[in-house]
Amino acid sequence: MIQKSVPSKGNYKKIAHTIFQQISHIDKAVIFLNGPVGAGKTTFAQTLVEFYGCNKIQSSSFAIVTTIPGTRNIIHCDFYRYFPNEEFWDCEILPLLGNQYLLLIEWGHPNAFLHDASHFCFNITAMTDGSRSVRFTEIITD
């Protein structure tokens, strides 16, 4: 588990690097990105995927699902306006995954687990002084 405070500028480089070191050896990883609008979920995701050799990602707010080319399949989902049903998962998400993937899900609920994947939660809270409090934990599934 990682629990840190981030200055108001939202420099996630050290936290993203620490998380990358913890998960880069995992072939199939799902990270649920949780926090209020504007807290920095997409900014954190952009910083994390740089360690995978990817260019910066854009907010998926209009596309719902974005694939990012890199050393593995990286899929960024933004479910702010849409919560996927089983058919959406089967038709839109699962075909994108492959043998190695990092699936980043904004506004997702950690109840959509994928078989044989490691699941994590990245929770971010905007503090009254403008800083951010972040917590990264593994979700143990049965």
# chains A, B, ... in the order shown; residues from 1 in each chain; ligands from 1
>>> select_by_dssp(residues="chain A", states="strand (DSSP E or B)", output="JSON, numbers by chain")
{"A": [2, 3, 4, 5, 6, 28, 29, 30, 31, 32, 33, 34, 65, 66, 67, 68, 73, 74, 75, 76, 77, 78, 101, 102, 103, 104, 105, 106, 118, 119, 120, 121, 122, 123, 124, 125, 126, 132, 133, 134, 135, 136, 137, 138, 139]}
>>> closest_atom_pairs(of="segment 8-58 of chain A", to="segment 82-106 of chain A", cutoff="9 Å", atoms="only C-alpha atoms", output="JSON lines")
{"residue": "A:Ile26", "atom": "CA", "partner": "A:Gln100", "partner_atom": "CA", "distance": 8.2}
{"residue": "A:Asp27", "atom": "CA", "partner": "A:Gln100", "partner_atom": "CA", "distance": 4.6}
{"residue": "A:Lys28", "atom": "CA", "partner": "A:Tyr101", "partner_atom": "CA", "distance": 5.0}
{"residue": "A:Ala29", "atom": "CA", "partner": "A:Leu102", "partner_atom": "CA", "distance": 4.9}
{"residue": "A:Val30", "atom": "CA", "partner": "A:Leu103", "partner_atom": "CA", "distance": 4.6}
{"residue": "A:Ile31", "atom": "CA", "partner": "A:Leu104", "partner_atom": "CA", "distance": 5.0}
{"residue": "A:Phe32", "atom": "CA", "partner": "A:Ile105", "partner_atom": "CA", "distance": 4.8}
{"residue": "A:Leu33", "atom": "CA", "partner": "A:Glu106", "partner_atom": "CA", "distance": 4.7}
{"residue": "A:Asn34", "atom": "CA", "partner": "A:Glu106", "partner_atom": "CA", "distance": 6.3}
{"residue": "A:Gly35", "atom": "CA", "partner": "A:Glu106", "partner_atom": "CA", "distance": 8.6}
{"residue": "A:Lys41", "atom": "CA", "partner": "A:Glu106", "partner_atom": "CA", "distance": 7.0}
{"residue": "A:Thr42", "atom": "CA", "partner": "A:Glu106", "partner_atom": "CA", "distance": 7.9}
{"residue": "A:Ala45", "atom": "CA", "partner": "A:Leu104", "partner_atom": "CA", "distance": 7.4}
{"residue": "A:Val49", "atom": "CA", "partner": "A:Leu102", "partner_atom": "CA", "distance": 8.9}
>>> atom_distance(atom1="atom CA of Gln46 of chain A", atom2="atom CA of Met127 of chain A")
21.2 Å
>>> closest_residue(among="A:Phe51, A:Tyr12, A:Phe122, A:Phe136", to="Trp107 of chain A", atoms="only C-alpha atoms")
A:Phe122
>>> atom_distance(atom1="atom CA of Cys54 of chain A", atom2="atom CA of Ser131 of chain A")
26.5 Å
>>> select_by_dssp(residues="segment 15-126 of chain A", states="helix (DSSP H, G or I)", output="JSON, numbers by chain")
{"A": [15, 16, 17, 18, 19, 20, 21, 22, 23, 41, 42, 43, 44, 45, 46, 47, 48, 49, 50, 86, 87, 88, 89, 90, 91, 92, 93, 94, 95, 96, 97]}
>>> write_last_selection(atoms="N, CA and C atoms", output="mmCIF file, in the first residue's frame")
data_model
loop_
_atom_site.group_PDB
_atom_site.id
_atom_site.type_symbol
_atom_site.label_atom_id
_atom_site.label_comp_id
_atom_site.auth_asym_id
_atom_site.auth_seq_id
_atom_site.Cartn_x
_atom_site.Cartn_y
_atom_site.Cartn_z
ATOM 1 N N ILE A 15 5.267 9.176 -7.251
ATOM 2 C CA ILE A 15 4.250 8.180 -6.899
ATOM 3 C C ILE A 15 4.015 7.230 -8.061
ATOM 4 N N ALA A 16 3.905 7.769 -9.280
ATOM 5 C CA ALA A 16 3.703 6.920 -10.455
ATOM 6 C C ALA A 16 4.883 5.976 -10.645
ATOM 7 N N HIS A 17 6.091 6.461 -10.415
ATOM 8 C CA HIS A 17 7.275 5.606 -10.564
ATOM 9 C C HIS A 17 7.274 4.494 -9.522
ATOM 10 N N THR A 18 6.916 4.820 -8.297
ATOM 11 C CA THR A 18 6.841 3.804 -7.241
ATOM 12 C C THR A 18 5.787 2.749 -7.586
ATOM 13 N N ILE A 19 4.640 3.182 -8.063
ATOM 14 C CA ILE A 19 3.584 2.245 -8.449
ATOM 15 C C ILE A 19 4.032 1.415 -9.645
ATOM 16 N N PHE A 20 4.664 2.050 -10.623
ATOM 17 C CA PHE A 20 5.189 1.325 -11.787
ATOM 18 C C PHE A 20 6.149 0.222 -11.343
ATOM 19 N N GLN A 21 7.043 0.542 -10.414
ATOM 20 C CA GLN A 21 7.987 -0.465 -9.918
ATOM 21 C C GLN A 21 7.263 -1.635 -9.259
ATOM 22 N N GLN A 22 6.143 -1.366 -8.623
ATOM 23 C CA GLN A 22 5.394 -2.425 -7.945
ATOM 24 C C GLN A 22 4.576 -3.287 -8.895
ATOM 25 N N ILE A 23 4.144 -2.714 -10.027
ATOM 26 C CA ILE A 23 3.226 -3.460 -10.894
ATOM 27 C C ILE A 23 3.790 -3.808 -12.262
ATOM 28 N N LYS A 41 -7.168 12.339 -11.610
ATOM 29 C CA LYS A 41 -7.145 10.929 -12.031
ATOM 30 C C LYS A 41 -6.480 10.770 -13.394
ATOM 31 N N THR A 42 -6.889 11.576 -14.360
ATOM 32 C CA THR A 42 -6.311 11.494 -15.706
ATOM 33 C C THR A 42 -4.853 11.929 -15.692
ATOM 34 N N THR A 43 -4.529 12.957 -14.925
ATOM 35 C CA THR A 43 -3.140 13.419 -14.829
ATOM 36 C C THR A 43 -2.254 12.314 -14.274
ATOM 37 N N PHE A 44 -2.727 11.617 -13.246
ATOM 38 C CA PHE A 44 -1.955 10.496 -12.714
ATOM 39 C C PHE A 44 -1.792 9.409 -13.775
ATOM 40 N N ALA A 45 -2.879 9.057 -14.476
ATOM 41 C CA ALA A 45 -2.816 8.026 -15.510
ATOM 42 C C ALA A 45 -1.810 8.411 -16.587
ATOM 43 N N GLN A 46 -1.798 9.682 -16.996
ATOM 44 C CA GLN A 46 -0.837 10.159 -17.989
ATOM 45 C C GLN A 46 0.592 9.954 -17.501
ATOM 46 N N THR A 47 0.831 10.247 -16.252
ATOM 47 C CA THR A 47 2.172 10.108 -15.692
ATOM 48 C C THR A 47 2.578 8.648 -15.604
ATOM 49 N N LEU A 48 1.677 7.782 -15.180
ATOM 50 C CA LEU A 48 1.986 6.362 -15.042
ATOM 51 C C LEU A 48 2.331 5.728 -16.386
ATOM 52 N N VAL A 49 1.552 6.007 -17.430
ATOM 53 C CA VAL A 49 1.798 5.332 -18.713
ATOM 54 C C VAL A 49 3.101 5.786 -19.362
ATOM 55 N N GLU A 50 3.634 6.927 -18.972
ATOM 56 C CA GLU A 50 4.943 7.354 -19.482
ATOM 57 C C GLU A 50 6.020 6.338 -19.109
ATOM 58 N N GLU A 86 -22.573 -5.867 -18.894
ATOM 59 C CA GLU A 86 -21.801 -7.060 -19.263
ATOM 60 C C GLU A 86 -21.524 -7.120 -20.768
ATOM 61 N N GLU A 87 -22.490 -6.724 -21.569
ATOM 62 C CA GLU A 87 -22.302 -6.749 -23.030
ATOM 63 C C GLU A 87 -21.192 -5.786 -23.449
ATOM 64 N N PHE A 88 -21.144 -4.604 -22.836
ATOM 65 C CA PHE A 88 -20.087 -3.638 -23.138
ATOM 66 C C PHE A 88 -18.715 -4.232 -22.808
ATOM 67 N N TRP A 89 -18.590 -4.836 -21.616
ATOM 68 C CA TRP A 89 -17.324 -5.479 -21.236
ATOM 69 C C TRP A 89 -16.923 -6.530 -22.255
ATOM 70 N N ASP A 90 -17.873 -7.394 -22.617
ATOM 71 C CA ASP A 90 -17.577 -8.493 -23.530
ATOM 72 C C ASP A 90 -17.217 -8.018 -24.932
ATOM 73 N N CYS A 91 -17.876 -6.975 -25.409
ATOM 74 C CA CYS A 91 -17.682 -6.531 -26.799
ATOM 75 C C CYS A 91 -16.636 -5.428 -26.957
ATOM 76 N N GLU A 92 -16.486 -4.568 -25.960
ATOM 77 C CA GLU A 92 -15.618 -3.404 -26.104
ATOM 78 C C GLU A 92 -14.294 -3.495 -25.343
ATOM 79 N N ILE A 93 -14.294 -4.104 -24.171
ATOM 80 C CA ILE A 93 -13.085 -4.125 -23.342
ATOM 81 C C ILE A 93 -12.276 -5.409 -23.535
ATOM 82 N N LEU A 94 -12.909 -6.548 -23.366
ATOM 83 C CA LEU A 94 -12.178 -7.820 -23.417
ATOM 84 C C LEU A 94 -11.385 -8.034 -24.705
ATOM 85 N N PRO A 95 -11.893 -7.664 -25.889
ATOM 86 C CA PRO A 95 -11.099 -7.862 -27.111
ATOM 87 C C PRO A 95 -9.821 -7.020 -27.156
ATOM 88 N N LEU A 96 -9.731 -5.976 -26.354
ATOM 89 C CA LEU A 96 -8.562 -5.091 -26.360
ATOM 90 C C LEU A 96 -7.430 -5.583 -25.466
ATOM 91 N N LEU A 97 -7.691 -6.518 -24.578
ATOM 92 C CA LEU A 97 -6.752 -6.829 -23.512
ATOM 93 C C LEU A 97 -5.494 -7.564 -23.965
#
>>> atom_distance(atom1="atom CA of Cys77 of chain A", atom2="atom CA of Asp129 of chain A")
29.1 Å
>>> closest_residue(among="A:Ser118, A:Ala126, A:Gly53, A:His109", to="Tyr80 of chain A", atoms="only C-alpha atoms")
A:His109
>>> decode(residues="segment 2-49 of chain A", atoms="C-alpha atoms", output="PDB file, in the first residue's frame")
ATOM      1  CA  ILE A   2       1.120   3.525  -0.763  1.00  0.00           C
ATOM      2  CA  GLN A   3      -0.304   6.553   0.982  1.00  0.00           C
ATOM      3  CA  LYS A   4       1.194   9.960   0.182  1.00  0.00           C
ATOM      4  CA  SER A   5       0.410  13.639  -0.086  1.00  0.00           C
ATOM      5  CA  VAL A   6       1.016  15.423  -3.374  1.00  0.00           C
ATOM      6  CA  PRO A   7       1.600  19.188  -3.621  1.00  0.00           C
ATOM      7  CA  SER A   8      -1.099  21.271  -5.273  1.00  0.00           C
ATOM      8  CA  LYS A   9       0.750  21.230  -8.607  1.00  0.00           C
ATOM      9  CA  GLY A  10      -0.142  17.527  -8.879  1.00  0.00           C
ATOM     10  CA  ASN A  11       3.371  16.233  -9.584  1.00  0.00           C
ATOM     11  CA  TYR A  12       2.709  12.510  -9.594  1.00  0.00           C
ATOM     12  CA  LYS A  13       6.117  11.495 -10.995  1.00  0.00           C
ATOM     13  CA  LYS A  14       7.509   9.895  -7.815  1.00  0.00           C
ATOM     14  CA  ILE A  15       4.250   8.180  -6.899  1.00  0.00           C
ATOM     15  CA  ALA A  16       3.703   6.920 -10.455  1.00  0.00           C
ATOM     16  CA  HIS A  17       7.275   5.606 -10.564  1.00  0.00           C
ATOM     17  CA  THR A  18       6.841   3.804  -7.241  1.00  0.00           C
ATOM     18  CA  ILE A  19       3.584   2.245  -8.449  1.00  0.00           C
ATOM     19  CA  PHE A  20       5.189   1.325 -11.787  1.00  0.00           C
ATOM     20  CA  GLN A  21       7.987  -0.465  -9.918  1.00  0.00           C
ATOM     21  CA  GLN A  22       5.394  -2.425  -7.945  1.00  0.00           C
ATOM     22  CA  ILE A  23       3.226  -3.460 -10.894  1.00  0.00           C
ATOM     23  CA  SER A  24       5.446  -3.474 -14.014  1.00  0.00           C
ATOM     24  CA  HIS A  25       6.212  -7.198 -13.613  1.00  0.00           C
ATOM     25  CA  ILE A  26       2.487  -8.027 -13.552  1.00  0.00           C
ATOM     26  CA  ASP A  27       1.235  -9.130 -16.983  1.00  0.00           C
ATOM     27  CA  LYS A  28      -2.430  -8.290 -16.329  1.00  0.00           C
ATOM     28  CA  ALA A  29      -3.193  -5.308 -14.110  1.00  0.00           C
ATOM     29  CA  VAL A  30      -6.395  -3.344 -13.543  1.00  0.00           C
ATOM     30  CA  ILE A  31      -6.300  -0.027 -11.692  1.00  0.00           C
ATOM     31  CA  PHE A  32      -9.519   1.663 -10.589  1.00  0.00           C
ATOM     32  CA  LEU A  33      -8.906   5.439 -10.445  1.00  0.00           C
ATOM     33  CA  ASN A  34     -11.267   7.030  -7.933  1.00  0.00           C
ATOM     34  CA  GLY A  35     -11.721  10.622  -6.836  1.00  0.00           C
ATOM     35  CA  PRO A  36     -13.856  13.702  -7.493  1.00  0.00           C
ATOM     36  CA  VAL A  37     -13.959  15.628 -10.764  1.00  0.00           C
ATOM     37  CA  GLY A  38     -10.723  17.575 -11.236  1.00  0.00           C
ATOM     38  CA  ALA A  39      -8.777  15.743  -8.533  1.00  0.00           C
ATOM     39  CA  GLY A  40      -6.140  14.443 -10.962  1.00  0.00           C
ATOM     40  CA  LYS A  41      -7.145  10.929 -12.031  1.00  0.00           C
ATOM     41  CA  THR A  42      -6.311  11.494 -15.706  1.00  0.00           C
ATOM     42  CA  THR A  43      -3.140  13.419 -14.829  1.00  0.00           C
ATOM     43  CA  PHE A  44      -1.955  10.496 -12.714  1.00  0.00           C
ATOM     44  CA  ALA A  45      -2.816   8.026 -15.510  1.00  0.00           C
ATOM     45  CA  GLN A  46      -0.837  10.159 -17.989  1.00  0.00           C
ATOM     46  CA  THR A  47       2.172  10.108 -15.692  1.00  0.00           C
ATOM     47  CA  LEU A  48       1.986   6.362 -15.042  1.00  0.00           C
ATOM     48  CA  VAL A  49       1.798   5.332 -18.713  1.00  0.00           C
TER      49      VAL A  49
END
